[in-house]
file input00.pdb (PDB, C-alpha atoms)
ATOM      1  CA  MET A1162      -6.201  17.959  30.993
ATOM      2  CA  PHE A1163      -6.648  19.038  34.632
ATOM      3  CA  SER A1164      -2.884  19.183  35.165
ATOM      4  CA  LYS A1165      -2.410  21.546  32.203
ATOM      5  CA  LYS A1166      -5.235  23.770  33.452
ATOM      6  CA  LYS A1167      -3.788  23.782  36.973
ATOM      7  CA  ASP A1168      -0.309  24.654  35.666
ATOM      8  CA  LEU A1169      -1.705  27.466  33.511
ATOM      9  CA  LEU A1170      -3.736  28.861  36.415
ATOM     10  CA  SER A1171      -0.676  28.653  38.675
ATOM     11  CA  LEU A1172       1.255  30.684  36.116
ATOM     12  CA  VAL A1173      -1.496  33.317  35.895
ATOM     13  CA  ILE A1174      -1.658  33.598  39.700
ATOM     14  CA  ARG A1175       2.136  33.915  39.902
ATOM     15  CA  LEU A1176       2.218  36.596  37.190
ATOM     16  CA  ILE A1177      -0.503  38.652  38.878
ATOM     17  CA  ILE A1178       0.751  38.350  42.463
ATOM     18  CA  GLY A1179       4.428  38.582  41.543
ATOM     19  CA  GLY A1180       3.732  41.507  39.219
ATOM     20  CA  ILE A1181       2.001  43.394  42.020
ATOM     21  CA  PHE A1182       5.076  42.982  44.225
ATOM     22  CA  VAL A1183       7.580  43.838  41.492
ATOM     23  CA  THR A1184       5.638  47.033  40.799
ATOM     24  CA  ALA A1185       5.215  47.937  44.481
ATOM     25  CA  GLY A1186       8.866  47.193  45.249
ATOM     26  CA  TRP A1187      10.066  49.191  42.245
ATOM     27  CA  MET A1188       7.904  52.174  43.198
ATOM     28  CA  LYS A1189       9.359  52.089  46.718
ATOM     29  CA  ALA A1190      12.926  51.737  45.419
ATOM     30  CA  VAL A1191      12.766  54.693  43.022
ATOM     31  CA  ASP A1192      11.535  56.959  45.841
ATOM     32  CA  MET A1193      13.432  55.528  48.762
ATOM     33  CA  ALA A1194      13.400  58.814  50.675
ATOM     34  CA  GLY A1195       9.612  58.905  50.441
ATOM     35  CA  THR A1196       9.402  55.231  51.398
ATOM     36  CA  VAL A1197      11.592  55.768  54.468
ATOM     37  CA  GLY A1198       9.483  58.796  55.387
ATOM     38  CA  PHE A1199       6.249  56.825  55.053
ATOM     39  CA  PHE A1200       7.592  53.945  57.156
ATOM     40  CA  SER A1201       8.761  56.481  59.729
ATOM     41  CA  GLN A1202       5.227  57.922  59.927
ATOM     42  CA  LEU A1203       3.987  54.408  60.652
ATOM     43  CA  GLY A1204       6.545  54.068  63.454
ATOM     44  CA  PHE A1205       8.918  51.700  61.636
ATOM     45  CA  ALA A1206      12.693  52.068  61.482
ATOM     46  CA  ALA A1207      14.316  53.101  58.208
ATOM     47  CA  PHE A1208      16.013  49.726  57.728
ATOM     48  CA  LEU A1209      12.563  48.104  57.533
ATOM     49  CA  ALA A1210      11.706  50.352  54.589
ATOM     50  CA  TYR A1211      14.747  48.995  52.766
ATOM     51  CA  LEU A1212      14.013  45.419  53.828
ATOM     52  CA  VAL A1213      10.383  45.519  52.701
ATOM     53  CA  THR A1214      11.311  47.241  49.433
ATOM     54  CA  TYR A1215      13.786  44.575  48.417
ATOM     55  CA  VAL A1216      11.731  41.660  49.745
ATOM     56  CA  GLU A1217       8.872  42.900  47.563
ATOM     57  CA  LEU A1218      11.047  43.519  44.503
ATOM     58  CA  ILE A1219      13.172  40.374  44.641
ATOM     59  CA  GLY A1220      10.386  38.186  46.024
ATOM     60  CA  GLY A1221       8.057  39.378  43.280
ATOM     61  CA  ILE A1222      10.620  38.541  40.606
ATOM     62  CA  LEU A1223      11.130  35.071  42.076
ATOM     63  CA  VAL A1224       7.380  34.436  42.181
ATOM     64  CA  VAL A1225       6.957  35.565  38.556
ATOM     65  CA  LEU A1226       9.797  33.307  37.422
ATOM     66  CA  GLY A1227       8.681  30.383  39.594
ATOM     67  CA  ILE A1228      12.022  30.192  41.382
ATOM     68  CA  ARG A1229      11.954  29.322  45.116
ATOM     69  CA  THR A1230       8.319  30.342  45.262
ATOM     70  CA  ASP A1231       7.989  28.696  48.677
ATOM     71  CA  VAL A1232      10.573  31.002  50.243
ATOM     72  CA  ALA A1233       9.519  34.092  48.278
ATOM     73  CA  ALA A1234       5.786  33.655  48.919
ATOM     74  CA  SER A1235       6.428  33.011  52.625
ATOM     75  CA  ALA A1236       8.465  36.200  52.996
ATOM     76  CA  LEU A1237       5.884  38.190  51.038
ATOM     77  CA  ALA A1238       3.080  36.715  53.169
ATOM     78  CA  ILE A1239       4.796  38.078  56.278
ATOM     79  CA  VAL A1240       4.916  41.513  54.631
ATOM     80  CA  MET A1241       1.182  41.239  53.881
ATOM     81  CA  LEU A1242       0.337  40.172  57.432
ATOM     82  CA  VAL A1243       2.080  43.295  58.722
ATOM     83  CA  ALA A1244       0.297  45.403  56.078
ATOM     84  CA  ILE A1245      -3.048  43.969  57.229
ATOM     85  CA  TYR A1246      -2.196  44.723  60.851
ATOM     86  CA  VAL A1247      -1.157  48.297  60.017
ATOM     87  CA  SER A1248      -4.317  48.820  57.931
ATOM     88  CA  ILE A1249      -6.826  47.513  60.484
ATOM     89  CA  GLY A1250      -7.589  51.044  61.684
ATOM     90  CA  ALA A1251      -8.972  51.882  58.234
ATOM     91  CA  GLY A1252     -11.601  49.145  58.535
ATOM     92  CA  PHE A1253     -12.356  46.477  55.969
ATOM     93  CA  GLN A1254     -11.710  48.901  53.092
ATOM     94  CA  GLY A1255      -8.142  49.251  54.357
ATOM     95  CA  ILE A1256      -7.392  45.560  54.597
ATOM     96  CA  MET A1257      -9.124  44.310  51.436
ATOM     97  CA  ALA A1258      -6.142  44.655  49.090
ATOM     98  CA  PRO A1259      -3.472  43.145  51.365
ATOM     99  CA  LEU A1260      -5.919  40.390  52.353
ATOM    100  CA  ALA A1261      -6.598  39.505  48.709
ATOM    101  CA  ILE A1262      -2.874  39.521  47.928
ATOM    102  CA  LEU A1263      -2.249  37.296  50.960
ATOM    103  CA  ALA A1264      -4.845  34.859  49.580
ATOM    104  CA  GLY A1265      -2.942  34.753  46.281
ATOM    105  CA  LEU A1266       0.314  34.076  48.110
ATOM    106  CA  LEU A1267      -1.309  31.284  50.096
ATOM    107  CA  SER A1268      -2.485  29.797  46.808
ATOM    108  CA  VAL A1269       1.084  29.846  45.515
ATOM    109  CA  LEU A1270       2.259  28.195  48.729
ATOM    110  CA  ALA A1271      -0.483  25.559  48.606
ATOM    111  CA  HIS A1272      -0.220  24.636  44.937
ATOM    112  CA  GLY A1273       3.392  25.411  44.099
ATOM    113  CA  ALA A1274       4.735  27.107  41.016
ATOM    114  CA  GLY A1275       3.379  24.641  38.479
ATOM    115  CA  SER A1276       5.338  23.497  35.465
ATOM    116  CA  HIS A1277       5.742  26.886  33.772
ATOM    117  CA  VAL A1278       8.891  28.022  35.581
ATOM    118  CA  VAL A1279      12.334  29.302  34.699
ATOM    119  CA  HIS A1280      14.971  26.618  35.166
ATOM    120  CA  LEU A1281      18.381  27.869  36.224
ATOM    121  CA  LYS A1282      21.392  25.957  34.962
ATOM    122  CA  LYS A1283      23.855  24.787  37.579
TER     123      LYS A1283
END

call {"tool": "encode", "arguments": {"input": "input00.pdb", "output": "structure tokens"}}
result
Amino acid sequence: MFSKKKDLLSLVIRLIIGGIFVTAGWMKAVDMAGTVGFFSQLGFAAFLAYLVTYVELIGGILVVLGIRTDVAASALAIVMLVAIYVSIGAGFQGIMAPLAILAGLLSVLAHGAGSHVVHLKK
């Protein structure tokens, strides 16, 4: 019983956290000029805008599907740590969202993908 509940909760966490990143990555990708401009305002090079966009988009998809969640969640956690650092100047209100998302990623890392995953054929 507990295993089924844990697997279902792992799926829900993956869908929420992965869905957030798929959405955020997609929004960055469809307005790449705006994304590059925003990253530039923060003092980051343009290539980082592209890197973060596709880490979020691809990493989010992998988390949702339960494929290589260890690698995807680790990469996304790094993105969130940088987002927290960049947002510190805005106070706790500024870091709440990336901090909560980081907690979800740490949960994925700690508990794994569960049994509800997409299996790729070799």

call {"tool": "closest_residue", "arguments": {"input": "input00.pdb", "among": "A:Tyr1215, A:Ala1274, A:Leu1263, A:Leu1226", "to": "Met1188 in chain A", "atoms": "only C-alpha atoms"}}
result
A:Tyr1215

call {"tool": "residues_around", "arguments": {"input": "input00.pdb", "residues": "Ala1258 in chain A", "least_positions_apart": "4", "cutoff": "10 Å", "atoms": "all atoms listed in the file", "output": "ChimeraX atom specification"}}
result
/A:1241,1244-1245,1248,1253-1254,1262-1264

call {"tool": "residues_around", "arguments": {"input": "input00.pdb", "residues": "Ile1181 in chain A", "least_positions_apart": "5", "cutoff": "9 Å", "atoms": "all atoms listed in the file", "output": "PyMOL selection string"}}
result
chain A and resi 1176+1186+1217+1221+1262

call {"tool": "resolve_selection", "arguments": {"input": "input00.pdb", "expression": "the PyMOL selection byres ((chain A and resi 1220) around 10)", "output": "VMD selection string"}}
result
chain A and resid 1179 1182 to 1183 1186 1213 to 1219 1221 to 1226 1228 to 1230 1232 to 1237

call {"tool": "atom_distance", "arguments": {"input": "input00.pdb", "atom1": "CA of His1277 in chain A", "atom2": "CA of Ala1185 in chain A"}}
result
23.6 Å

call {"tool": "closest_residue", "arguments": {"input": "input00.pdb", "among": "A:Met1257, A:Leu1203, A:Ala1271, A:Leu1169", "to": "Leu1242 in chain A", "atoms": "all atoms listed in the file"}}
result
A:Met1257

call {"tool": "closest_residue", "arguments": {"input": "input00.pdb", "among": "A:Gly1255, A:Gly1265, A:Gly1273, A:Gly1195", "to": "Ile1174 in chain A", "atoms": "all atoms listed in the file"}}
result
A:Gly1265

call {"tool": "resolve_selection", "arguments": {"input": "input00.pdb", "expression": "the PyMOL selection byres ((chain A and resi 1168) around 10)", "output": "MDAnalysis selection string"}}
result
chainID A and resid 1163:1167 1169:1174 1272:1278

call {"tool": "atom_distance", "arguments": {"input": "input00.pdb", "atom1": "CA of Val1269 in chain A", "atom2": "CA of Ala1207 in chain A"}}
result
29.6 Å

call {"tool": "axis_aligned_box", "arguments": {"input": "input00.pdb", "around": "range 1259-1266 of chain A", "padding_each_side": "3 Å", "output": "lines of an AutoDock Vina configuration file"}}
result
center_x = -3.1
center_y = 38.6
center_z = 49.3
size_x = 12.9
size_y = 15.1
size_z = 12.1

call {"tool": "atom_distance", "arguments": {"input": "input00.pdb", "atom1": "CA of Ala1261 in chain A", "atom2": "CA of Gly1227 in chain A"}}
result
20.0 Å

call {"tool": "closest_residue", "arguments": {"input": "input00.pdb", "among": "A:Leu1266, A:Ile1177, A:Val1279, A:Val1197", "to": "Val1240 in chain A", "atoms": "all atoms listed in the file"}}
result
A:Leu1266

call {"tool": "residues_around", "arguments": {"input": "input00.pdb", "residues": "Tyr1211 in chain A", "least_positions_apart": "6", "cutoff": "9 Å", "atoms": "all atoms listed in the file", "output": "JSON, numbers by chain"}}
result
{"A": [1189, 1190, 1193, 1196, 1197]}

call {"tool": "closest_residue", "arguments": {"input": "input00.pdb", "among": "A:Ile1249, A:Ala1238, A:Ala1194, A:Ala1210", "to": "Leu1270 in chain A", "atoms": "all atoms listed in the file"}}
result
A:Ala1238

call {"tool": "closest_residue", "arguments": {"input": "input00.pdb", "among": "A:Val1247, A:Ser1268, A:Gly1252, A:Arg1175", "to": "Phe1205 in chain A", "atoms": "only C-alpha atoms"}}
result
A:Val1247

call {"tool": "decode", "arguments": {"input": "input00.pdb", "residues": "range 1211-1239 of chain A", "atoms": "N, CA and C atoms", "output": "short mmCIF file (atom, residue, chain, number, x, y, z; two decimals), in the first residue's frame"}}
result
data_model
loop_
_atom_site.label_atom_id
_atom_site.label_comp_id
_atom_site.auth_asym_id
_atom_site.auth_seq_id
_atom_site.Cartn_x
_atom_site.Cartn_y
_atom_site.Cartn_z
N TYR A 1211 20.40 30.71 -23.74
CA TYR A 1211 20.10 29.51 -24.52
C TYR A 1211 20.25 28.25 -23.68
N LEU A 1212 21.34 28.18 -22.92
CA LEU A 1212 21.60 27.01 -22.09
C LEU A 1212 20.48 26.79 -21.08
N VAL A 1213 20.13 27.83 -20.35
CA VAL A 1213 19.07 27.71 -19.34
C VAL A 1213 17.74 27.35 -19.99
N THR A 1214 17.44 27.97 -21.12
CA THR A 1214 16.18 27.68 -21.82
C THR A 1214 16.05 26.21 -22.13
N TYR A 1215 17.10 25.63 -22.71
CA TYR A 1215 16.99 24.24 -23.14
C TYR A 1215 17.21 23.25 -22.00
N VAL A 1216 17.94 23.64 -20.96
CA VAL A 1216 18.01 22.80 -19.76
C VAL A 1216 16.63 22.72 -19.13
N GLU A 1217 15.94 23.87 -19.04
CA GLU A 1217 14.60 23.87 -18.46
C GLU A 1217 13.63 23.05 -19.31
N LEU A 1218 13.64 23.27 -20.62
CA LEU A 1218 12.69 22.59 -21.49
C LEU A 1218 12.94 21.08 -21.55
N ILE A 1219 14.15 20.70 -21.85
CA ILE A 1219 14.48 19.28 -21.97
C ILE A 1219 14.48 18.60 -20.60
N GLY A 1220 15.05 19.26 -19.61
CA GLY A 1220 15.06 18.71 -18.26
C GLY A 1220 13.66 18.51 -17.72
N GLY A 1221 12.78 19.48 -17.99
CA GLY A 1221 11.39 19.36 -17.56
C GLY A 1221 10.69 18.18 -18.20
N ILE A 1222 10.93 17.99 -19.49
CA ILE A 1222 10.34 16.85 -20.20
C ILE A 1222 10.84 15.54 -19.61
N LEU A 1223 12.14 15.45 -19.34
CA LEU A 1223 12.70 14.24 -18.76
C LEU A 1223 12.12 13.95 -17.39
N VAL A 1224 11.96 15.00 -16.58
CA VAL A 1224 11.38 14.81 -15.24
C VAL A 1224 9.94 14.32 -15.36
N VAL A 1225 9.14 14.94 -16.23
CA VAL A 1225 7.75 14.51 -16.42
C VAL A 1225 7.68 13.05 -16.82
N LEU A 1226 8.54 12.65 -17.75
CA LEU A 1226 8.51 11.28 -18.25
C LEU A 1226 9.19 10.28 -17.32
N GLY A 1227 9.96 10.78 -16.36
CA GLY A 1227 10.67 9.88 -15.44
C GLY A 1227 11.90 9.26 -16.05
N ILE A 1228 12.48 9.94 -17.02
CA ILE A 1228 13.68 9.44 -17.71
C ILE A 1228 14.88 10.22 -17.21
N ARG A 1229 15.89 9.52 -16.69
CA ARG A 1229 17.12 10.15 -16.19
C ARG A 1229 16.82 11.32 -15.26
N THR A 1230 15.89 11.08 -14.35
CA THR A 1230 15.48 12.15 -13.44
C THR A 1230 16.63 12.61 -12.55
N ASP A 1231 17.58 11.72 -12.29
CA ASP A 1231 18.73 12.13 -11.47
C ASP A 1231 19.54 13.21 -12.16
N VAL A 1232 19.82 13.03 -13.42
CA VAL A 1232 20.61 14.00 -14.19
C VAL A 1232 19.78 15.28 -14.42
N ALA A 1233 18.53 15.10 -14.85
CA ALA A 1233 17.68 16.25 -15.14
C ALA A 1233 17.43 17.09 -13.90
N ALA A 1234 17.07 16.46 -12.80
CA ALA A 1234 16.79 17.20 -11.56
C ALA A 1234 18.04 17.88 -11.03
N SER A 1235 19.20 17.27 -11.20
CA SER A 1235 20.45 17.89 -10.76
C SER A 1235 20.75 19.15 -11.56
N ALA A 1236 20.60 19.06 -12.87
CA ALA A 1236 20.84 20.23 -13.72
C ALA A 1236 19.83 21.34 -13.41
N LEU A 1237 18.58 20.97 -13.23
CA LEU A 1237 17.55 21.96 -12.91
C LEU A 1237 17.78 22.57 -11.52
N ALA A 1238 18.31 21.79 -10.59
CA ALA A 1238 18.61 22.31 -9.26
C ALA A 1238 19.69 23.39 -9.33
N ILE A 1239 20.67 23.19 -10.19
CA ILE A 1239 21.70 24.21 -10.38
C ILE A 1239 21.08 25.50 -10.91
#
